[in-house]
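**Q** Provided herewith is a single structure, encoded as structure tokens, for subsequent inquiry.
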Amino acid sequence: MPTPARHPVRALTMLALLALSGAALADADCARQDPSAWMPESQFREQMKRQGVQITKFRITPGNCYEIYGFDANGRKLEIYYDPVDARPVEEVASSHLASPRHR
């Protein structure tokens, strides 16, 4: 089996890929304000509901964002990071190619 010392290009490539994969998984950065200035979760959820968004998962990220997973008004799957102070979208990971919710 080849050792990294014998294949420095392969070893460097692997290190670069590991570094990039970590950056790709990093959460968005949001509010630097005190959490007391944040919109309450219940108010945020109600605002999303009025916009037709169905939230299936809500969390506060290490970067102080509200992150939601769910479906938009057209049934497209989505993942969006919001600033918790003003509910402004910070980063959207559109997943419309994934399956829509099943209606029963």
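In the structure tokens, each chain is lettered A, B, ... as it comes, each chain's residues begin at 1, and ligands are numbered from 1 in order of appearance.
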Write out as a list in words the residues lying within 8 Å of A:Asp29, counting only C-alpha atoms and excluding same-chain residues fewer than 3 positions away.
**A**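 Once the nearby chain positions are removed, what remains is Gly63, Asn64 and Cys65 of chain A.
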**Q** As a ChimeraX atom specification, please: the residues near stretch 46-50 of chain A (cut-off 10 Å, only C-alpha atoms, same-chain neighbours under 4 positions excluded).
**A** /A:41-42,54-55,68,72-73,87
**Q** Using only C-alpha atoms, which protein or nucleic acid residues come within 9 Å of A:Pro35? Drop anything in the same chain fewer than 3 positions from it, and give the result as a PyMOL selection string.
**A** chain A and resi 31-32+38-39+64+84-85
**Q** How would the residues just chosen look if you wrote them out with C-alpha atoms as a CSV table (one decimal), in the first residue's frame?
**A**
```
chain,number,residue,atom,x,y,z
A,31,ALA,CA,-26.9,38.0,14.5
A,32,ARG,CA,-24.2,39.4,16.7
A,38,TRP,CA,-34.1,38.3,18.6
A,39,MET,CA,-37.6,37.7,17.2
A,64,ASN,CA,-26.7,32.3,15.7
A,84,PRO,CA,-33.1,35.9,14.1
A,85,VAL,CA,-33.4,39.7,14.7
```
**Q** Using only C-alpha atoms, which of A:Thr56, A:Glu67, A:Pro62, A:Lys77 sits nearest A:Glu91?
**A** A:Glu67
